[in-house]
Every structure is written in structure tokens, then in C-alpha cells.
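What's in run.tsv: TSV, C-alpha atoms and all ligand atoms
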chain	number	residue	atom	x	y	z
A	1	MET	CA	-40.99	14.72	66.03
A	2	LEU	CA	-43.23	11.79	65.24
A	3	LEU	CA	-40.66	9.67	63.46
A	4	GLN	CA	-38.20	10.00	66.30
A	5	SER	CA	-40.68	8.85	68.89
A	6	ALA	CA	-41.86	5.98	66.72
A	7	TRP	CA	-38.39	4.67	65.96
A	8	GLY	CA	-36.27	5.72	68.87
A	9	LYS	CA	-32.85	6.72	67.70
A	10	VAL	CA	-32.85	8.47	64.37
A	11	MET	CA	-30.28	7.17	61.94
A	12	ILE	CA	-30.38	9.11	58.67
A	13	GLN	CA	-31.99	12.50	58.25
A	14	VAL	CA	-32.48	14.15	54.89
A	15	GLN	CA	-33.43	17.77	55.45
A	16	ASN	CA	-34.67	20.26	52.89
A	17	VAL	CA	-32.52	18.86	50.11
A	18	SER	CA	-32.77	20.56	46.72
A	19	LYS	CA	-30.74	19.98	43.58
A	20	THR	CA	-30.74	21.50	40.12
A	21	ILE	CA	-28.89	19.75	37.32
A	22	GLY	CA	-28.41	21.89	34.22
A	23	GLN	CA	-31.63	23.83	33.88
A	24	GLN	CA	-33.71	21.21	35.65
A	25	GLN	CA	-34.78	21.26	39.26
A	26	VAL	CA	-34.39	17.55	40.03
A	27	LEU	CA	-35.01	17.60	43.81
A	28	THR	CA	-37.06	20.17	45.70
A	29	ASP	CA	-36.99	20.51	49.46
A	30	VAL	CA	-36.85	16.79	50.20
A	31	THR	CA	-37.12	15.92	53.90
A	32	PHE	CA	-37.46	12.53	55.55
A	33	THR	CA	-36.00	10.39	58.29
A	34	VAL	CA	-34.90	6.77	58.26
A	35	GLY	CA	-35.04	4.89	61.54
A	36	LYS	CA	-32.85	2.04	62.74
A	37	GLY	CA	-33.89	-1.40	61.54
A	38	THR	CA	-36.53	-0.13	59.15
A	39	ILE	CA	-37.32	-0.39	55.47
A	40	THR	CA	-38.14	2.77	53.55
A	41	GLY	CA	-39.58	2.63	50.07
A	42	ILE	CA	-39.08	5.54	47.69
A	43	VAL	CA	-41.59	5.15	44.91
A	44	GLY	CA	-41.90	7.28	41.82
A	45	ARG	CA	-42.10	7.20	38.07
A	46	ASN	CA	-39.03	7.08	35.86
A	47	GLY	CA	-37.27	10.40	36.07
A	48	ALA	CA	-38.92	11.42	39.36
A	49	GLY	CA	-35.54	11.91	41.04
A	50	LYS	CA	-35.05	8.66	42.97
A	51	THR	CA	-31.53	7.90	41.76
A	52	THR	CA	-30.43	11.50	42.28
A	53	LEU	CA	-31.81	11.37	45.82
A	54	LEU	CA	-29.90	8.17	46.66
A	55	ARG	CA	-26.74	9.56	45.07
A	56	THR	CA	-27.11	12.72	47.12
A	57	MET	CA	-27.39	10.63	50.27
A	58	VAL	CA	-23.97	9.09	49.62
A	59	THR	CA	-22.48	12.40	48.43
A	60	ILE	CA	-21.89	11.31	44.84
A	61	VAL	CA	-24.11	14.32	44.10
A	62	ASP	CA	-23.79	17.43	46.27
A	63	PRO	CA	-27.06	19.10	47.20
A	64	ASP	CA	-27.49	22.80	46.33
A	65	GLN	CA	-29.40	23.21	49.56
A	66	GLY	CA	-30.16	21.09	52.58
A	67	THR	CA	-28.28	18.49	54.56
A	68	ILE	CA	-27.93	14.75	54.97
A	69	SER	CA	-26.91	13.62	58.40
A	70	VAL	CA	-26.18	10.29	60.01
A	71	ASN	CA	-26.78	10.18	63.75
A	72	GLY	CA	-26.81	13.95	63.76
A	73	LYS	CA	-23.54	14.37	61.85
A	74	ASP	CA	-23.50	16.04	58.45
A	75	VAL	CA	-22.12	13.56	55.91
A	76	LEU	CA	-20.40	16.26	53.87
A	77	ALA	CA	-18.59	17.67	56.88
A	78	HIS	CA	-17.91	14.21	58.34
A	79	PRO	CA	-17.23	11.81	55.45
A	80	GLU	CA	-16.47	8.97	57.88
A	81	THR	CA	-20.19	8.80	58.74
A	82	LYS	CA	-20.76	7.40	55.23
A	83	GLY	CA	-18.71	4.30	56.08
A	84	PRO	CA	-21.58	2.04	57.06
A	85	ILE	CA	-23.73	3.12	54.09
A	86	MET	CA	-23.75	0.80	51.11
A	87	TYR	CA	-25.20	2.11	47.86
A	88	VAL	CA	-26.10	-0.43	45.21
A	89	GLU	CA	-26.66	1.15	41.81
A	90	ASP	CA	-29.35	-0.01	39.46
A	91	SER	CA	-26.82	-0.80	36.78
A	92	VAL	CA	-24.46	-3.67	37.39
A	93	GLU	CA	-22.55	-2.98	34.20
A	94	ALA	CA	-19.61	-1.59	36.14
A	95	LEU	CA	-18.91	-5.01	37.62
A	96	LYS	CA	-19.24	-7.06	34.49
A	97	ASN	CA	-15.59	-7.25	33.41
A	98	TYR	CA	-14.36	-8.38	36.80
A	99	SER	CA	-13.71	-11.95	37.73
A	100	VAL	CA	-15.84	-13.08	40.65
A	101	SER	CA	-12.82	-13.80	42.85
A	102	GLY	CA	-11.26	-10.47	41.79
A	103	ILE	CA	-14.26	-8.48	42.86
A	104	VAL	CA	-14.51	-10.35	46.14
A	105	SER	CA	-10.87	-9.49	46.95
A	106	LEU	CA	-11.48	-5.89	45.91
A	107	TYR	CA	-14.47	-5.61	48.24
A	108	ALA	CA	-12.51	-7.24	51.04
A	109	ASP	CA	-9.77	-4.62	50.54
A	110	ILE	CA	-12.15	-1.66	50.45
A	111	TYR	CA	-14.62	-2.69	53.15
A	112	PRO	CA	-12.95	-3.62	56.43
A	113	LYS	CA	-15.99	-5.58	57.64
A	114	PHE	CA	-16.32	-7.71	54.51
A	115	ASP	CA	-17.31	-11.15	55.73
A	116	HIS	CA	-16.11	-13.96	53.45
A	117	ALA	CA	-18.06	-16.66	55.28
A	118	TYR	CA	-21.24	-14.64	55.07
A	119	PHE	CA	-20.62	-13.95	51.38
A	120	GLN	CA	-20.38	-17.69	50.75
A	121	GLU	CA	-23.44	-18.37	52.88
A	122	LEU	CA	-25.45	-15.93	50.77
A	123	MET	CA	-24.07	-17.35	47.52
A	124	ASP	CA	-25.21	-20.79	48.67
A	125	ARG	CA	-28.57	-19.53	49.89
A	126	PHE	CA	-29.35	-18.01	46.50
A	127	GLN	CA	-27.83	-20.96	44.66
A	128	MET	CA	-25.32	-18.73	42.95
A	129	THR	CA	-22.56	-20.69	41.29
A	130	ARG	CA	-19.15	-19.05	41.30
A	131	ALA	CA	-18.79	-17.95	37.69
A	132	LYS	CA	-15.33	-16.97	36.49
A	133	LYS	CA	-16.43	-13.55	35.22
A	134	VAL	CA	-19.34	-11.49	36.45
A	135	LYS	CA	-20.50	-11.03	32.86
A	136	GLN	CA	-21.27	-14.75	32.65
A	137	TYR	CA	-24.19	-14.24	35.01
A	138	SER	CA	-27.63	-13.42	33.61
A	139	LYS	CA	-29.03	-9.92	34.25
A	140	GLY	CA	-30.97	-11.11	37.29
A	141	ARG	CA	-28.02	-13.04	38.68
A	142	LYS	CA	-25.78	-10.00	38.23
A	143	ALA	CA	-28.25	-7.95	40.27
A	144	LEU	CA	-28.38	-10.64	42.92
A	145	PHE	CA	-24.59	-10.88	42.97
A	146	SER	CA	-24.21	-7.15	43.57
A	147	LEU	CA	-26.69	-7.38	46.45
A	148	ILE	CA	-24.83	-10.32	47.99
A	149	LEU	CA	-21.60	-8.34	47.76
A	150	ALA	CA	-23.28	-5.36	49.39
A	151	PHE	CA	-24.72	-7.33	52.31
A	152	ALA	CA	-21.42	-9.19	52.81
A	153	THR	CA	-19.79	-5.85	53.66
A	154	LYS	CA	-21.96	-5.90	56.82
A	155	PRO	CA	-23.37	-2.41	56.29
A	156	GLN	CA	-25.74	-0.58	58.63
A	157	TYR	CA	-27.64	1.18	55.86
A	158	VAL	CA	-28.26	-0.18	52.41
A	159	LEU	CA	-29.50	2.05	49.61
A	160	LEU	CA	-30.86	0.04	46.72
A	161	ASP	CA	-31.83	1.44	43.34
A	162	GLU	CA	-34.38	-0.77	41.57
A	163	PRO	CA	-32.96	-3.89	43.24
A	164	THR	CA	-35.30	-6.40	41.66
A	165	ASP	CA	-34.87	-5.32	38.05
A	166	GLY	CA	-34.28	-8.40	35.97
A	167	LEU	CA	-35.03	-10.89	38.75
A	168	ASP	CA	-37.68	-13.54	38.26
A	169	VAL	CA	-40.64	-13.78	40.63
A	170	ILE	CA	-39.10	-16.44	42.85
A	171	ALA	CA	-35.78	-14.63	43.17
A	172	LYS	CA	-37.65	-11.39	43.96
A	173	LYS	CA	-39.60	-13.03	46.75
A	174	GLU	CA	-36.49	-14.68	48.12
A	175	LEU	CA	-34.66	-11.39	48.05
A	176	MET	CA	-37.44	-9.57	49.86
A	177	ARG	CA	-37.53	-12.28	52.53
A	178	PHE	CA	-33.80	-12.03	52.88
A	179	MET	CA	-34.00	-8.25	53.36
A	180	LEU	CA	-36.64	-8.60	56.06
A	181	TYR	CA	-34.42	-11.11	57.81
A	182	GLU	CA	-31.42	-8.78	57.67
A	183	VAL	CA	-33.46	-5.90	59.03
A	184	ALA	CA	-34.78	-7.97	61.90
A	185	LYS	CA	-31.54	-9.76	62.73
A	186	GLU	CA	-28.90	-7.12	62.12
A	187	GLU	CA	-31.12	-4.07	62.66
A	188	ILE	CA	-29.87	-2.58	59.44
A	189	SER	CA	-31.89	0.05	57.59
A	190	ILE	CA	-32.78	-0.43	53.97
A	191	ILE	CA	-33.91	2.20	51.52
A	192	ILE	CA	-35.35	0.90	48.28
A	193	ALA	CA	-35.98	3.16	45.30
A	194	THR	CA	-38.34	1.66	42.79
A	195	HIS	CA	-40.90	2.64	40.18
A	196	ARG	CA	-42.98	-0.40	41.11
A	197	LEU	CA	-45.06	-0.08	44.22
A	198	ASP	CA	-46.02	-3.75	44.17
A	199	GLU	CA	-42.38	-4.73	44.63
A	200	LEU	CA	-42.48	-3.34	48.13
A	201	GLU	CA	-45.54	-5.41	48.98
A	202	SER	CA	-45.96	-5.28	52.72
A	203	LEU	CA	-42.26	-4.76	53.23
A	204	ALA	CA	-41.83	-1.07	53.92
A	205	ASP	CA	-42.31	0.64	57.29
A	206	GLN	CA	-42.34	3.94	55.51
A	207	LEU	CA	-43.28	4.77	51.96
A	208	LEU	CA	-42.31	8.02	50.29
A	209	VAL	CA	-43.95	8.93	47.02
A	210	ILE	CA	-41.73	11.16	44.95
A	211	LYS	CA	-43.15	13.20	42.08
A	212	GLU	CA	-41.07	15.52	39.96
A	213	GLY	CA	-38.43	15.74	42.65
A	214	GLU	CA	-40.79	16.42	45.54
A	215	ILE	CA	-42.09	14.15	48.28
A	216	ALA	CA	-45.77	14.11	47.38
A	217	GLU	CA	-46.94	11.70	50.10
A	218	THR	CA	-45.48	9.89	53.09
A	219	PHE	CA	-47.11	6.80	54.50
A	220	LEU	CA	-46.10	5.25	57.80
A	221	LEU	CA	-47.08	1.72	58.70
A	222	ASP	CA	-47.42	2.63	62.40
A	223	ASP	CA	-49.95	5.36	61.63
A	224	LEU	CA	-51.76	2.98	59.39
A	225	ARG	CA	-52.37	0.45	62.14
A	226	ASP	CA	-53.99	3.06	64.36
A	227	THR	CA	-56.20	4.61	61.72
A	228	TYR	CA	-57.22	1.80	59.43
A	229	LYS	CA	-58.52	-1.74	59.55
A	230	LYS	CA	-58.80	-4.16	56.70
A	231	TRP	CA	-61.59	-6.72	56.64
A	232	GLN	CA	-62.66	-9.49	54.41
A	233	VAL	CA	-66.45	-9.77	54.53
A	234	VAL	CA	-68.70	-12.31	52.85
A	235	TYR	CA	-72.49	-11.84	52.53
A	236	ARG	CA	-75.30	-14.16	51.56
A	237	GLU	CA	-76.34	-11.62	49.01
A	238	LYS	CA	-74.63	-8.29	48.52
A	239	MET	CA	-73.10	-5.87	50.96
A	240	PRO	CA	-75.80	-3.57	52.39
A	241	ASP	CA	-75.78	-0.06	50.89
A	242	SER	CA	-75.32	1.50	54.32
A	243	LEU	CA	-71.79	0.09	54.44
A	244	TRP	CA	-70.77	0.94	50.90
A	245	ASP	CA	-70.51	4.60	51.80
A	246	GLN	CA	-68.46	3.99	54.90
A	247	LEU	CA	-65.90	1.48	53.72
A	248	TYR	CA	-63.36	1.69	50.96
A	249	ILE	CA	-63.74	-1.44	48.85
A	250	LEU	CA	-60.30	-2.61	47.81
A	251	GLN	CA	-61.53	-5.66	45.98
A	252	GLN	CA	-64.76	-7.47	45.28
A	253	SER	CA	-65.11	-11.02	44.14
A	254	GLY	CA	-68.75	-12.08	43.95
A	255	ARG	CA	-70.18	-11.63	47.45
A	256	ALA	CA	-66.77	-11.41	49.08
A	257	TYR	CA	-65.39	-7.95	49.75
A	258	THR	CA	-61.99	-6.82	50.89
A	259	CYS	CA	-62.46	-3.43	52.43
A	260	LEU	CA	-60.68	-0.76	54.33
A	261	ALA	CA	-62.27	0.99	57.29
A	262	VAL	CA	-61.19	4.52	58.15
A	263	GLY	CA	-62.35	6.65	61.08
A	264	ASN	CA	-64.10	5.36	64.19
A	265	LEU	CA	-63.03	1.76	63.83
A	266	GLN	CA	-64.99	0.44	66.79
A	267	GLU	CA	-68.23	2.00	65.58
A	268	LEU	CA	-67.66	0.69	62.09
A	269	GLU	CA	-67.03	-2.80	63.38
A	270	THR	CA	-70.29	-2.73	65.35
A	271	GLU	CA	-72.15	-1.59	62.23
A	272	LEU	CA	-70.54	-4.33	60.25
A	273	GLN	CA	-71.57	-6.98	62.77
A	274	LYS	CA	-75.16	-5.68	62.65
A	275	THR	CA	-75.33	-6.42	58.93
A	276	ASP	CA	-74.97	-10.09	59.82
A	277	PRO	CA	-72.28	-11.15	57.33
A	278	LEU	CA	-71.72	-14.84	56.68
A	279	LEU	CA	-68.12	-14.30	57.62
A	280	TYR	CA	-65.82	-11.46	58.42
A	281	GLU	CA	-62.19	-11.45	59.40
A	282	GLU	CA	-59.47	-8.92	59.86
A	283	LEU	CA	-56.62	-9.03	57.37
A	284	PRO	CA	-53.11	-7.66	57.83
A	285	LEU	CA	-52.75	-4.14	56.45
A	286	THR	CA	-50.14	-3.16	53.95
A	287	LEU	CA	-48.93	0.26	52.94
A	288	GLU	CA	-50.16	-0.54	49.48
A	289	ASP	CA	-53.76	-0.75	50.77
A	290	LEU	CA	-53.56	2.72	52.17
A	291	PHE	CA	-51.81	3.97	49.12
A	292	VAL	CA	-54.55	2.66	46.85
A	293	ALA	CA	-57.31	3.96	49.10
A	294	LYS	CA	-55.76	7.37	49.55
A	295	LEU	CA	-54.67	8.01	46.02
A	296	GLY	CA	-57.66	6.20	44.56
A	297	GLY	CA	-55.64	3.92	42.36
A	298	GLU	CA	-53.61	6.71	40.82
A	299	GLU	CA	-50.87	4.97	38.95
A	300	ILE	CA	-47.35	5.13	40.20
A	301	ALA	CA	-46.11	1.85	38.92
A	302	GLU	CA	-45.61	1.51	35.21
B	401	LIG	N1	-26.30	14.00	35.37
B	401	LIG	C1	-27.47	14.43	34.89
B	401	LIG	N2	-27.53	15.26	33.83
B	401	LIG	C2	-28.70	15.72	33.34
B	401	LIG	N3	-29.90	15.39	33.85
B	401	LIG	C3	-29.91	14.55	34.89
B	401	LIG	C4	-28.71	14.03	35.47
B	401	LIG	N4	-29.06	13.23	36.49
B	401	LIG	C5	-30.42	13.24	36.55
B	401	LIG	N5	-30.92	14.04	35.59
B	401	LIG	C6	-32.34	14.30	35.35
B	401	LIG	O1	-32.99	14.39	36.58
B	401	LIG	C7	-34.26	13.75	36.54
B	401	LIG	C8	-34.35	12.70	37.62
B	401	LIG	O2	-33.48	11.63	37.30
B	401	LIG	P1	-33.28	10.37	38.25
B	401	LIG	O3	-32.40	9.40	37.53
B	401	LIG	O4	-32.87	10.84	39.58
B	401	LIG	O5	-34.76	9.81	38.33
B	401	LIG	P2	-35.28	8.36	38.74
B	401	LIG	O6	-36.52	8.58	39.48
B	401	LIG	O7	-34.19	7.59	39.38
B	401	LIG	O8	-35.61	7.73	37.35
B	401	LIG	P3	-35.35	6.23	36.82
B	401	LIG	O9	-36.32	5.37	37.53
B	401	LIG	O10	-35.65	6.38	35.37
B	401	LIG	O11	-33.90	5.92	37.09
B	401	LIG	C9	-34.43	13.18	35.14
B	401	LIG	O12	-35.20	14.09	34.39
B	401	LIG	C10	-33.02	13.13	34.65
B	401	LIG	O13	-32.98	13.30	33.24
Structure re-expressed in C-alpha cells:
Amino acid sequence: MLLQSAWGKVMIQVQNVSKTIGQQQVLTDVTFTVGKGTITGIVGRNGAGKTTLLRTMVTIVDPDQGTISVNGKDVLAHPETKGPIMYVEDSVEALKNYSVSGIVSLYADIYPKFDHAYFQELMDRFQMTRAKKVKQYSKGRKALFSLILAFATKPQYVLLDEPTDGLDVIAKKELMRFMLYEVAKEEISIIIATHRLDELESLADQLLVIKEGEIAETFLLDDLRDTYKKWQVVYREKMPDSLWDQLYILQQSGRAYTCLAVGNLQELETELQKTDPLLYEELPLTLEDLFVAKLGGEEIAE
């Protein structure tokens, strides 16, 4: 299987998961794999089934069909395999009546690997003051606090539901950087459910698009690097017509074009050079580029 060879040891496998709640089919035959030390984005509109999917992965919701396994072990049959999975809900309301020190002691009691020093390090890094009660924090700070708590438990897998809701731009960026660092340093796997594609920026190794409970598209960064190239090209006048048909223009600003090449990349590069551009350079690809090119700007984010 492609994902296994790309990522070595498979960590979490979701296989053919379906769930009906009431009369509504909320998840239909959902299958994907999460590798070690990777970031997976689950993107979909409100009501697409993201929260239900995450809740199914931690057995808060039981699937009607299908299995979730961690390192080959079914989580329902082997509840201990859930231990290193940390699920952070989108609502932090549940925490709000706790005192900060109370919740820290509670986490330390529940999670054997809770690391007090690391908790404090993260509090300092995000300039979080120690409020008496969680409810004294702003919405964004509450979200940040619940993430700090989650990472201080030293998990191996972190499932985050709309983690940046309520955070300002700087805090969002900081948080994303922090997640990348954790993935690289601790080799943890992060799964982020969000209705905003732009929040994932160039973060995710794998992007799953969920529509009405089904995985509509899967994008893998590794595939992307082999199949696509992104160039910024500047012409004296305009880009020759011959290239317009062969490149996907992601953005145009005057005579500067940001474009995506698909297909025979070497041939396309030679053609590009023949058009004698003033300047051309390769830019780093993001999943979002492919997403936009493939779905033609179809809106996912709201
Ligand atoms: N306990 C429940 N009872 C009834 N319907 C539910 C329940 N849980 C989920 N649903 C329905 O399942 C669908 C998917 O909901 P879910 O919360 O998983 O979507 P989502 O993609 O996370 O959306 P959002 O971004 O709005 O949180 C929605 O139509 C929702 O109303």
C-alpha cells in the first residue's frame, strides 16, 4: 500500500468506517491511514462529519461498520491502544469552571506521562499567565490552554478539532510552528479537522477532503512533489499563449505569474526556458496549490 511505503510504520488506520446517527448517514465508508510523525488535515464544510470522525477514532462514538486500529490493533477490542491518543475538542467550555492549578493536577492524575516542566515551558512560550480560573482566559487563550494541556501529556497522536478557532493571526502562526516542531522532534502524529483550508497552509503531509461524510479527495504531499512543480515567472510583456494552455495559473500580478506545471515536468521546463522569461524560479509547493488547481477553486473554506 502506498501510504505504508511512503511512511514506513503505519500508526493509525481507519478502515471502511460508517456511522448513522438517527436517520442521518453521517460517515460513509471512510478509509485513511496516518503515518508516524505526520500531519493530516481533514477539511470539510460545517456538518461534513469531521467531529464525528474524530470522536469515532477515540471511541466516543462507535462505528456501525468498519474499524479503527493503532499499530494493527483494533481500538475497540484493545482499549489500551487509545492511551497515547489525545483528543482536543473544539469547545473548551467543559474546562471553564476549573481552576488552572486544579485542571493541571487532574491531568497529572489521569495522564501518567503528564510533564509539569514541559507544561510550564509551553505556558511561558505562549506567554500564558496562570489565571486562577480557566474562564478568565479569552476564547483564544482558552483554546491555547487546552492545546498546551494536551501536548503536556506527551501524547503520540493528537486529534484536534478546529484548533485555531478564536486565535488571532499571530497566535495561529505560533501554534502551527509549534505543531511542526513537535512533529519533527517528538515524531508525534497530528490530525487537524478544520473547515478552513488556509489554516493548514503548507503544514499537512496529507489532506483529506470530507464531503457529506465521505472522503471526496485525498492529497499527499509526497505525490505532489513528483507530479507538480510551482514556478514564479516574470515576462517583459505577457506570458506567451503557448504556455497558458499548459500551465495552471495560480496567481497573476501584472507580468508576474505563479503557475503550476503538471505532466512532463522536464519538457515543460524546457518550453518555459525557450520563452525567454525575465526571471523564473521554483517555489515550494503546498497542498493548497494542488487543491486549488485540482478542484478549480471550489470552495471548501467558509
Ligand atoms: N449526536 C448527534 N445527534 C444528531 N445528529 C448528529 C449528532 N452528531 C452529529 N450529528 C450530525 O451529523 C452531521 C455531521 O456532524 P459533525 O459535527 O460530525 O460535522 P463537522 O464536520 O464536525 O461540522 P462542524 O464543523 O460544524 O463541527 C451533522 O449533520 C450533524 O447534525
Report summary line: note - atom CA of Glu187 of chain A and atom CA of Gln156 of chain A are separated by 7.6 Å
Using the file's own x, y and z axes, so that the box edges lie along x, y and z, what centre and edge lengths in Å (one decimal) does a box around every listed atom of segment 94-105 of chain A get when 4 Å is added on each side? Give it as JSON.
{"center_x": -15.2, "center_y": -7.7, "center_z": 40.2, "size_x": 16.7, "size_y": 20.2, "size_z": 21.5}
Report task. Determine, counting only C-alpha atoms, every residue of protein, DNA or RNA that lies within 6 Å of (-34.7, 14.7, 47.4) in the file coordinates, then give the result as a ChimeraX atom specification. Result -> /A:17,27,30,53
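Atom pair atom P3 of ligand LIG 401 (chain B) / atom CA of Val209 of chain A has a distance of 13.6 Å (rounded to one decimal).
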Query raised in the report: Within 10 Å of ligand LIG 401 (chain B), counting only C-alpha atoms and all ligand atoms: which residues, as a PyMOL selection string?
Result: chain A and resi 19-27+42-56+61+89-91+161-162+193-196+210-213
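Here atom CA of Ile103 of chain A is placed at a distance of 21.0 Å from atom CA of Tyr157 of chain A.
Restricting the calculation to all atoms listed in the file, the smallest distance between Glu282 of chain A and any of A:Val233, A:Val262, A:Val104, A:Ala131 is found for A:Val233.
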Query raised in the report: If we count all atoms listed in the file, what is near Gly83 of chain A at a cut-off of 9 Å, once residues fewer than 2 positions away on the same chain are taken out, given as an MDAnalysis selection string?
Result: chainID A and resid 79:81 85:86 111 155:156
Would you mind exporting C-alpha atoms of the selected residues as a compact mmCIF listing (two decimals), in the coordinates of the input?
# COMPACT_ATOMS: atom_id res chain seq x y z
CA PRO A 79 -17.23 11.81 55.45
CA GLU A 80 -16.47 8.97 57.88
CA THR A 81 -20.19 8.80 58.74
CA ILE A 85 -23.73 3.12 54.09
CA MET A 86 -23.75 0.80 51.11
CA TYR A 111 -14.62 -2.69 53.15
CA PRO A 155 -23.37 -2.41 56.29
CA GLN A 156 -25.74 -0.58 58.63
Requested in this report: Kindly indicate which residue among A:Val100, A:Val158, A:Leu207, A:Ile215 lies nearest to Lys135 of chain A, using only C-alpha atoms for the distances.
Outcome: A:Val100
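For Val134 of chain A, the residues within 7 Å (counting all atoms listed in the file, excluding itself and residues fewer than 3 positions away along the chain) are Leu95, Lys96, Asn97, Tyr98, Ser99, Val100, Ala131, Tyr137 and Lys142 of chain A.
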Query raised in the report: When distances are computed from all atoms listed in the file, which of A:Asp115, A:Asp62, A:Glu281, A:Glu217 shows the smallest separation from Gln232 of chain A?
Result: A:Glu281
Report task. Would you mind telling me which residue in A:Leu283, A:Arg225, A:Trp244, A:Ala293 lies nearest to Glu271 of chain A when using all atoms listed in the file? Result -> A:Trp244
Requested in this report: Have a look at A:Thr28, A:Gln266, A:Glu93, A:Thr286 and name the one nearest to Gln136 of chain A; count all atoms listed in the file.
Outcome: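 Looking at the shortest contact to Gln136 of chain A, the residue is A:Glu93.
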Report task. Considering all atoms listed in the file, return as a ChimeraX atom specification whatever protein or nucleic-acid residues lie within 12 Å of Asp205 of chain A, sequence-local ones (same chain, fewer than 5 positions apart) excluded. Result -> /A:3,6-7,33-42,180,183,189-192,200,218-225,285-288
For C-alpha atoms, I'd like the residues from the last selection saved as a short mmCIF file (atom, residue, chain, number, x, y, z; two decimals), in the frame of the given file.
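Heads up, here's the output in selection-v1.cif:
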data_model
loop_
_atom_site.label_atom_id
_atom_site.label_comp_id
_atom_site.auth_asym_id
_atom_site.auth_seq_id
_atom_site.Cartn_x
_atom_site.Cartn_y
_atom_site.Cartn_z
CA LEU A 3 -40.66 9.67 63.46
CA ALA A 6 -41.86 5.98 66.72
CA TRP A 7 -38.39 4.67 65.96
CA THR A 33 -36.00 10.39 58.29
CA VAL A 34 -34.90 6.77 58.26
CA GLY A 35 -35.04 4.89 61.54
CA LYS A 36 -32.85 2.04 62.74
CA GLY A 37 -33.89 -1.40 61.54
CA THR A 38 -36.53 -0.13 59.15
CA ILE A 39 -37.32 -0.39 55.47
CA THR A 40 -38.14 2.77 53.55
CA GLY A 41 -39.58 2.63 50.07
CA ILE A 42 -39.08 5.54 47.69
CA LEU A 180 -36.64 -8.60 56.06
CA VAL A 183 -33.46 -5.90 59.03
CA SER A 189 -31.89 0.05 57.59
CA ILE A 190 -32.78 -0.43 53.97
CA ILE A 191 -33.91 2.20 51.52
CA ILE A 192 -35.35 0.90 48.28
CA LEU A 200 -42.48 -3.34 48.13
CA THR A 218 -45.48 9.89 53.09
CA PHE A 219 -47.11 6.80 54.50
CA LEU A 220 -46.10 5.25 57.80
CA LEU A 221 -47.08 1.72 58.70
CA ASP A 222 -47.42 2.63 62.40
CA ASP A 223 -49.95 5.36 61.63
CA LEU A 224 -51.76 2.98 59.39
CA ARG A 225 -52.37 0.45 62.14
CA LEU A 285 -52.75 -4.14 56.45
CA THR A 286 -50.14 -3.16 53.95
CA LEU A 287 -48.93 0.26 52.94
CA GLU A 288 -50.16 -0.54 49.48
#
Requested in this report: Would you mind telling me which residue in A:Gly140, A:Gly66, A:Gly72, A:Gly263 lies nearest to Lys172 of chain A when using only C-alpha atoms?
Outcome: A:Gly140
Requested in this report: Find the residues around Arg141 of chain A up to 9 Å (only C-alpha atoms counted), leave out those fewer than 4 positions away in its own chain, and share them as a PyMOL selection string.
Outcome: chain A and resi 128+137+145-146+166-167
